[in-house]
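S.K.: What follows is the file final29.txt, containing compact mmCIF, C-alpha atoms:
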# COMPACT_ATOMS: atom_id res chain seq x y z
CA MET T 97 -23.67 174.88 47.23
CA LYS T 98 -21.01 172.43 46.02
CA LYS T 99 -18.27 174.89 47.02
CA ILE T 100 -19.79 175.30 50.51
CA LEU T 101 -19.96 171.54 51.01
CA PHE T 102 -16.37 171.15 49.77
CA PHE T 103 -14.97 173.70 52.23
CA LEU T 104 -17.13 172.25 55.02
CA PHE T 105 -15.66 168.81 54.29
CA ILE T 106 -12.12 170.20 54.40
CA ALA T 107 -12.77 171.97 57.70
CA VAL T 108 -14.25 168.87 59.30
CA GLY T 109 -11.37 166.78 57.97
CA ILE T 110 -8.75 169.12 59.43
CA GLY T 111 -10.57 169.18 62.76
CA PHE T 112 -10.72 165.38 62.84
CA PHE T 113 -7.03 165.11 61.95
CA PHE T 114 -5.74 167.41 64.67
CA PHE T 115 -8.13 166.55 67.51
CA ASN T 116 -9.18 163.35 69.16
CA LYS T 117 -12.71 162.55 70.34
CA LYS T 118 -12.26 164.58 73.53
CA GLY T 119 -11.14 167.63 71.57
CA LYS T 120 -7.50 167.49 72.69
CA VAL T 121 -4.77 168.24 70.21
CA ILE T 122 -3.17 165.05 69.00
CA LYS T 123 0.43 164.91 70.12
CA ASN T 124 3.35 164.69 67.73
CA VAL T 125 1.32 165.74 64.68
CA ALA T 126 3.86 168.45 63.89
CA LYS T 127 6.67 165.95 64.07
CA SER T 128 5.32 164.10 61.07
CA TYR T 129 5.94 167.20 58.99
CA VAL T 130 9.56 167.60 60.06
CA LEU T 131 11.79 165.81 57.62
CA PRO T 132 14.72 163.94 59.20
CA PRO T 133 18.24 165.00 58.23
CA ASN T 134 19.52 163.45 55.03
CA TYR T 135 22.93 161.88 55.56
CA ILE T 136 23.02 160.20 52.15
CA ASN T 137 25.12 161.35 49.21
CA LYS T 138 23.54 159.49 46.31
CA GLU T 139 26.56 160.23 44.12
CA GLY T 140 29.00 158.66 46.59
CA MET T 141 30.59 155.48 45.24
CA THR T 142 32.42 154.27 48.35
CA ILE T 143 31.10 153.72 51.86
CA SER T 144 32.72 156.86 53.28
CA GLU T 145 31.55 158.93 50.29
CA ARG T 146 27.97 157.63 50.37
CA ILE T 147 27.31 158.45 54.05
CA LYS T 148 27.57 162.04 55.28
CA VAL T 149 28.85 162.94 58.75
CA PRO T 150 26.40 164.76 61.08
CA GLU T 151 27.45 168.18 62.32
CA GLY T 152 29.71 168.01 65.36
CA TYR T 153 31.15 164.59 64.51
CA SER T 154 34.35 163.52 62.78
CA ARG T 155 34.92 160.35 60.79
CA ALA T 156 37.40 157.80 62.11
CA SER T 157 40.67 157.88 60.20
CA TYR T 158 42.80 154.78 59.62
CA PRO T 159 46.22 154.11 58.06
CA GLU T 160 46.49 153.25 54.38
CA GLY T 161 46.64 149.49 53.96
CA SER T 162 44.63 148.76 57.11
CA PHE T 163 41.50 146.63 57.00
CA SER T 164 39.45 149.50 58.43
CA LYS T 165 40.54 151.84 55.63
CA TYR T 166 39.91 149.10 53.07
CA ILE T 167 36.30 148.82 54.27
CA GLN T 168 35.66 152.58 54.41
CA ASP T 169 36.87 152.84 50.80
CA TYR T 170 34.95 149.82 49.56
CA VAL T 171 33.31 150.46 46.19
CA LEU T 172 29.52 150.59 45.98
CA LYS T 173 27.05 150.00 43.21
CA PRO T 174 24.97 153.02 42.06
CA PHE T 175 22.56 154.34 44.69
CA ASP T 176 19.42 152.73 43.24
CA ALA T 177 20.99 149.23 43.15
CA LYS T 178 18.80 146.47 44.54
CA VAL T 179 19.77 143.70 46.93
CA ILE T 180 19.99 140.58 44.75
CA ASN T 181 19.67 136.97 45.86
CA TYR T 182 22.10 134.25 44.75
CA ASP T 183 19.57 133.09 42.14
CA GLY T 184 19.69 136.48 40.40
CA ASN T 185 16.30 137.65 41.63
CA PRO T 186 15.76 140.77 43.76
CA TYR T 187 15.37 140.13 47.49
CA VAL T 188 11.76 140.46 48.60
CA TYR T 189 12.56 143.42 50.92
CA GLN T 190 14.22 146.47 49.34
CA SER T 191 13.52 149.17 51.94
CA GLY T 192 16.27 148.51 54.46
CA HIS T 193 19.45 149.60 52.69
CA VAL T 194 21.21 152.73 51.41
CA GLY T 195 23.98 151.07 49.43
CA VAL T 196 25.08 147.78 47.90
CA LEU T 197 28.73 146.74 47.96
CA GLU T 198 30.47 145.50 44.83
CA VAL T 199 30.70 141.94 46.14
CA PRO T 200 29.56 139.28 43.66
CA VAL T 201 27.08 136.74 45.00
CA PRO T 202 27.90 133.15 43.92
CA SER T 203 25.01 131.24 42.42
CA ASN T 204 25.69 128.27 44.72
CA GLY T 205 23.90 129.99 47.62
CA LEU T 206 26.75 129.45 50.08
CA GLN T 207 27.81 133.07 50.68
CA GLN T 208 25.45 133.87 53.55
CA CYS T 209 25.79 136.33 56.44
CA ALA T 210 29.05 135.20 58.07
CA ASP T 211 30.43 134.01 54.74
CA ALA T 212 30.07 137.43 53.11
CA LEU T 213 32.15 139.05 55.86
CA ILE T 214 34.70 136.22 55.70
CA ARG T 215 35.02 136.99 51.99
CA LEU T 216 35.67 140.69 52.67
CA ARG T 217 38.45 139.78 55.09
CA ALA T 218 39.96 137.10 52.84
CA GLU T 219 39.97 139.36 49.78
CA TYR T 220 41.58 142.15 51.80
CA LEU T 221 44.40 139.80 52.78
CA TRP T 222 44.70 138.62 49.17
CA ASP T 223 44.77 142.19 47.79
CA THR T 224 47.39 143.34 50.32
CA ASN T 225 49.77 140.43 49.60
CA ARG T 226 49.08 138.71 52.93
CA LYS T 227 47.88 135.47 51.36
CA ASP T 228 49.64 133.32 53.95
CA ASP T 229 47.48 134.93 56.65
CA ILE T 230 44.25 133.72 55.05
CA GLY T 231 42.69 131.04 57.22
CA PHE T 232 39.56 130.38 59.24
CA ASN T 233 38.36 127.83 61.76
CA PHE T 234 35.66 125.32 60.98
CA THR T 235 32.84 125.10 63.51
CA SER T 236 34.65 121.99 64.80
CA GLY T 237 37.56 124.26 65.75
CA HIS T 238 39.96 122.93 63.09
CA TYR T 239 41.97 125.61 61.28
CA CYS T 240 41.88 125.58 57.50
CA SER T 241 44.40 127.84 55.76
CA TRP T 242 44.53 129.01 52.17
CA LYS T 243 48.26 128.20 52.13
CA LYS T 244 47.68 124.50 52.81
CA TYR T 245 44.66 124.37 50.51
CA SER T 246 46.68 125.90 47.66
CA GLU T 247 49.34 123.22 48.25
CA GLY T 248 46.72 120.55 47.64
CA TYR T 249 45.61 119.66 51.18
CA ARG T 250 41.93 118.82 51.60
CA PRO T 251 39.93 118.01 54.73
CA LYS T 252 38.58 114.58 55.48
CA ILE T 253 35.58 115.11 57.70
CA ASN T 254 34.03 112.42 59.87
CA GLY T 255 31.51 113.97 62.20
CA SER T 256 33.45 116.38 64.41
CA LYS T 257 36.77 114.81 63.47
CA VAL T 258 38.77 116.56 60.72
CA SER T 259 42.11 115.58 59.19
CA PHE T 260 43.91 117.11 56.21
CA HIS T 261 45.51 115.12 53.40
CA ARG T 262 47.31 116.13 50.24
CA THR T 263 44.99 114.92 47.51
CA ALA T 264 45.22 117.68 44.88
CA SER T 265 47.87 119.46 42.85
CA ARG T 266 49.34 122.80 43.92
CA ASP T 267 47.18 125.64 42.62
CA THR T 268 47.56 129.26 43.77
CA SER T 269 45.12 130.76 41.26
CA LYS T 270 42.30 133.15 42.14
CA GLN T 271 39.84 130.59 40.80
CA ASN T 272 41.11 128.02 43.29
CA PHE T 273 40.99 130.67 46.03
CA TYR T 274 37.24 130.97 45.52
CA LYS T 275 36.91 127.17 45.72
CA TYR T 276 38.71 127.42 49.06
CA LEU T 277 36.24 130.07 50.23
CA ASN T 278 33.33 127.81 49.26
CA LEU T 279 34.82 125.18 51.56
CA ILE T 280 35.06 127.73 54.37
CA TYR T 281 31.47 128.85 53.78
CA THR T 282 30.36 125.25 54.15
CA TYR T 283 32.10 124.48 57.44
CA ALA T 284 32.43 127.89 59.16
CA GLY T 285 29.81 130.34 60.38
CA THR T 286 28.77 132.66 63.18
CA GLN T 287 29.61 130.12 65.89
CA SER T 288 33.11 129.44 64.59
CA LEU T 289 33.82 133.17 64.23
CA TYR T 290 32.63 133.84 67.77
CA ASP T 291 34.67 130.96 69.21
CA GLU T 292 37.82 131.83 67.25
CA LEU T 293 38.09 135.62 67.30
CA PRO T 294 38.92 138.11 70.07
CA LYS T 295 36.04 139.97 71.72
CA ILE T 296 35.71 143.76 71.90
CA THR T 297 34.00 144.72 75.15
CA ASN T 298 34.34 148.52 75.16
CA LYS T 299 32.29 150.63 72.73
CA ALA T 300 35.13 153.15 72.34
CA ASN T 301 37.39 150.34 71.10
CA VAL T 302 35.01 149.14 68.39
CA GLU T 303 36.52 149.96 64.99
CA VAL T 304 35.56 149.71 61.34
CA GLY T 305 35.85 146.04 60.32
CA ASP T 306 34.69 144.72 63.69
CA MET T 307 31.56 142.58 63.75
CA LEU T 308 28.41 142.58 65.86
CA ILE T 309 27.47 138.94 66.28
CA TYR T 310 24.89 136.55 67.58
CA PRO T 311 26.51 133.11 67.35
CA GLY T 312 24.44 130.03 66.71
CA SER T 313 22.57 128.03 64.16
CA PRO T 314 20.97 130.09 62.91
CA GLY T 315 22.93 133.13 64.08
CA HIS T 316 23.67 136.45 62.47
CA VAL T 317 26.56 138.85 62.11
CA ILE T 318 26.95 142.36 60.70
CA MET T 319 30.05 144.51 60.17
CA VAL T 320 30.94 148.04 61.26
CA VAL T 321 31.76 149.82 57.99
CA ASP T 322 32.13 153.36 59.30
CA LYS T 323 32.52 155.18 62.60
CA ILE T 324 32.25 158.79 63.76
CA THR T 325 32.97 160.47 67.09
CA ALA T 326 31.72 163.75 68.59
CA LEU T 327 33.76 166.12 70.74
CA ASP T 328 31.82 164.91 73.78
CA GLY T 329 32.84 161.32 73.02
CA ASP T 330 29.54 160.17 71.52
CA ILE T 331 30.12 157.44 68.91
CA LEU T 332 27.92 156.41 65.98
CA PHE T 333 28.36 153.49 63.58
CA ILE T 334 27.32 152.35 60.12
CA PHE T 335 26.63 148.64 59.59
CA ALA T 336 26.57 146.35 56.56
CA GLN T 337 25.42 142.77 56.25
CA GLY T 338 25.15 139.74 54.03
CA ASN T 339 22.13 137.61 54.71
CA THR T 340 20.30 134.33 54.31
CA PRO T 341 19.42 133.51 51.60
CA ALA T 342 22.82 134.46 50.17
CA GLN T 343 22.49 137.97 48.76
CA SER T 344 24.24 141.27 48.06
CA VAL T 345 26.21 142.78 50.92
CA HIS T 346 24.39 146.01 51.76
CA ILE T 347 24.58 149.05 54.06
CA LEU T 348 21.73 149.12 56.57
CA LYS T 349 19.26 151.89 57.26
CA ASN T 350 18.42 152.67 60.89
CA LEU T 351 14.65 152.20 60.86
CA SER T 352 14.46 152.75 64.63
CA ASP T 353 15.84 156.31 64.51
CA ASN T 354 15.27 158.33 61.34
CA SER T 355 16.94 161.35 62.94
CA ILE T 356 20.39 159.78 62.52
CA SER T 357 19.80 156.99 59.94
CA PRO T 358 21.80 155.26 58.58
CA TRP T 359 24.02 155.92 61.61
CA TYR T 360 23.43 153.79 64.72
CA ASP T 361 23.87 154.78 68.36
CA ILE T 362 24.43 151.54 70.25
CA GLU T 363 25.10 150.48 73.81
CA MET T 364 27.15 147.41 74.63
CA ASN T 365 25.21 144.29 75.61
CA GLN T 366 21.88 145.96 74.83
CA TYR T 367 19.08 145.15 72.40
CA LEU T 368 19.55 146.36 68.81
CA GLU T 369 17.08 146.19 65.96
CA ILE T 370 18.13 146.31 62.30
CA PRO T 371 16.06 145.77 59.15
CA THR T 372 14.76 142.17 59.11
CA TYR T 373 16.60 141.15 62.33
CA TYR T 374 17.27 142.03 65.96
CA PHE T 375 20.09 141.27 68.39
CA ASN T 376 19.17 140.62 72.01
CA LYS T 377 22.53 142.11 72.98
CA THR T 378 25.36 143.85 71.18
CA GLN T 379 28.65 141.98 71.34
CA PHE T 380 31.60 142.46 69.02
CA ILE T 381 34.44 140.38 67.63
CA ARG T 382 37.48 141.32 65.51
CA PHE T 383 39.37 139.52 62.78
CA LYS T 384 42.92 138.67 63.82
For this file, produce the structure as structure tokens.
M.R.:
Amino acid sequence: MKKILFFLFIAVGIGFFFFNKKGKVIKNVAKSYVLPPNYINKEGMTISERIKVPEGYSRASYPEGSFSKYIQDYVLKPFDAKVINYDGNPYVYQSGHVGVLEVPVPSNGLQQCADALIRLRAEYLWDTNRKDDIGFNFTSGHYCSWKKYSEGYRPKINGSKVSFHRTASRDTSKQNFYKYLNLIYTYAGTQSLYDELPKITNKANVEVGDMLIYPGSPGHVIMVVDKITALDGDILFIFAQGNTPAQSVHILKNLSDNSISPWYDIEMNQYLEIPTYYFNKTQFIRFK
């Protein structure tokens, strides 16, 4: 009798699962059993090694020494690495990333979304012996260069008025470079990046290292860290972000489309949803 009741329960359960109250087959049930493609190589230790290319696409190739190549080859932490806040604690949400970049998070809490991408650009220029090109605008529009900072010039800020005065000794050390970046983090952000940098208005022209931005206070910005193109011209992107509170820079999953995640298929000036945030329209800027 127990066996009969057990099988009767199973039969009723299956019938309830596949049919609604009117007896019609519930749509899309089969889809839940179809696993999405896996484009993750857990052993990959750079961005381009971690993310696989879907069939029919080819990865964008860039010259050695370019910023785009620098980003594609950026070193990652092991696959199971968590996103860590500036205070050393894991971020409350750990389900939106497939990789964490080897970018230290300062304990001062300043390295937030725009700041993290500013750091990537500044360190690229430092590592490629282009130190004199390191410089960013404050939100006020005033340009603050590493060259002048290293020579001892410091800003005097009075509201929206900024002037620079030599008040410190010359110091070109890496330690002083990070003090300079802390200054930039304090007075720059999404609005200053948007106001300062050139805009990319054509999807085909968006390259690795470009940034999708919503300027404001608060605003948000994420970076293209990989790009692939199909023979028919279709283009997909991978994005990475820092965040607020200041935390590990991480590669984003595409929670809206598991069939291509972590790749994103975007349209210019259209809505885009990413883990923990959404953009009302996609607009891109590029570091000079």
S.K.: Can you pull out every residue within 10 Å of region 358-368 of chain T, counting all atoms listed in the file, but drop anything in the same chain fewer than 5 positions away, and send it as a PyMOL selection string?
M.R.: chain T and resi 134-136+147-150+192-194+296-299+322-324+330-335+347-353+373-380
S.K.: At a cut-off of 10 Å, using only C-alpha atoms, what residues contact Gly248 (chain T)? Leave out same-chain residues fewer than 4 positions from it and give the result as a list of chain:residue names.
M.R.: T:Trp242, T:Lys243, T:Lys244, T:Phe260, T:His261, T:Arg262, T:Thr263, T:Ala264, T:Ser265, T:Arg266, T:Asp267, T:Thr268
S.K.: Rounded to one decimal, what separation in Å do you get between CA of Ile280 (chain T) and CA of Ala212 (chain T)?
M.R.: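 Computing the Euclidean distance for CA of Ile280 (chain T) and CA of Ala212 (chain T) yields 11.0 Å.
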S.K.: For a quick check of understanding, using all atoms listed in the file, which of T:Ala342, T:Val258, T:Ala284, T:Met307 has the smallest distance to Gly184 (chain T)?
M.R.: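 Using all atoms listed in the file, Gly184 (chain T) sits closest to T:Ala342.
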S.K.: Given the choices T:Asn181, T:Ser313, T:Ser344, T:Ser241, which gets closest to Glu198 (chain T) if the distance is worked out from only C-alpha atoms?
M.R.: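 Looking only at the distances to Glu198 (chain T), the closest residue turns out to be T:Ser344.
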S.K.: Tell me, as number ranges by chain, which residues lie within 10 Å of Asn185 (chain T), counting all atoms listed in the file; anything in the same chain fewer than 6 positions away does not count.
M.R.: T: 178-179, 343
S.K.: Which one of T:Trp222, T:Phe175, T:Gly152, T:Tyr276 sits closest to Tyr249 (chain T) if you count only C-alpha atoms?
M.R.: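 Among the listed residues, the smallest separation from Tyr249 (chain T) belongs to T:Tyr276.
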S.K.: What is the CA of Asn354 (chain T) to CA of Leu197 (chain T) distance in Å?
M.R.: 22.2 Å
S.K.: Within 6 Å of Ile143 (chain T), counting all atoms listed in the file, which residues show up once you throw out same-chain ones fewer than 2 positions away? Write them as a ChimeraX atom specification, please.
M.R.: /T:145-146,168-170
S.K.: Create the file for the chosen residues now, containing C-alpha atoms and written as a compact mmCIF listing (two decimals), in the frame of the given file.
M.R.:
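The resulting file, again24.txt, is reproduced below:
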# COMPACT_ATOMS: atom_id res chain seq x y z
CA GLU T 145 31.55 158.93 50.29
CA ARG T 146 27.97 157.63 50.37
CA GLN T 168 35.66 152.58 54.41
CA ASP T 169 36.87 152.84 50.80
CA TYR T 170 34.95 149.82 49.56
S.K.: Go ahead and compute the interatomic distance for CA of Val188 (chain T) and CA of Pro132 (chain T), in Å to one decimal.
M.R.: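 Calculated distance between CA of Val188 (chain T) and CA of Pro132 (chain T) is 25.9 Å.
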S.K.: Which of these residues is nearest to Gln207 (chain T), using only C-alpha atoms: T:Thr282, T:Thr372, T:Thr325, T:Ser357?
M.R.: T:Thr282
S.K.: For Ala156 (chain T), which residue among T:His346, T:Lys384, T:Asn278, T:Gly305 is the nearest when counting all atoms listed in the file?
M.R.: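 Smallest distance to Ala156 (chain T) is found for T:Gly305.
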S.K.: From the options T:Gly329, T:Pro314, T:Pro159, T:Pro341, which residue's atoms come nearest to Asp183 (chain T), counting only C-alpha atoms?
M.R.: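 Ranking T:Gly329, T:Pro314, T:Pro159, T:Pro341 by distance to Asp183 (chain T), first place goes to T:Pro341.
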S.K.: Using all atoms listed in the file, which protein or nucleic acid residues come within 10 Å of Arg215 (chain T)? Drop anything in the same chain fewer than 4 positions from it, and give the result as a PDB file with C-alpha atoms, in the coordinates of the input.
M.R.:
ATOM      1  CA  VAL T 199      30.700 141.940  46.140  1.00  0.00           C
ATOM      2  CA  GLN T 207      27.810 133.070  50.680  1.00  0.00           C
ATOM      3  CA  ALA T 210      29.050 135.200  58.070  1.00  0.00           C
ATOM      4  CA  ASP T 211      30.430 134.010  54.740  1.00  0.00           C
ATOM      5  CA  GLU T 219      39.970 139.360  49.780  1.00  0.00           C
ATOM      6  CA  TYR T 220      41.580 142.150  51.800  1.00  0.00           C
ATOM      7  CA  LEU T 221      44.400 139.800  52.780  1.00  0.00           C
ATOM      8  CA  TYR T 274      37.240 130.970  45.520  1.00  0.00           C
ATOM      9  CA  LEU T 277      36.240 130.070  50.230  1.00  0.00           C
ATOM     10  CA  ASN T 278      33.330 127.810  49.260  1.00  0.00           C
ATOM     11  CA  ILE T 280      35.060 127.730  54.370  1.00  0.00           C
ATOM     12  CA  TYR T 281      31.470 128.850  53.780  1.00  0.00           C
TER      13      TYR T 281
END
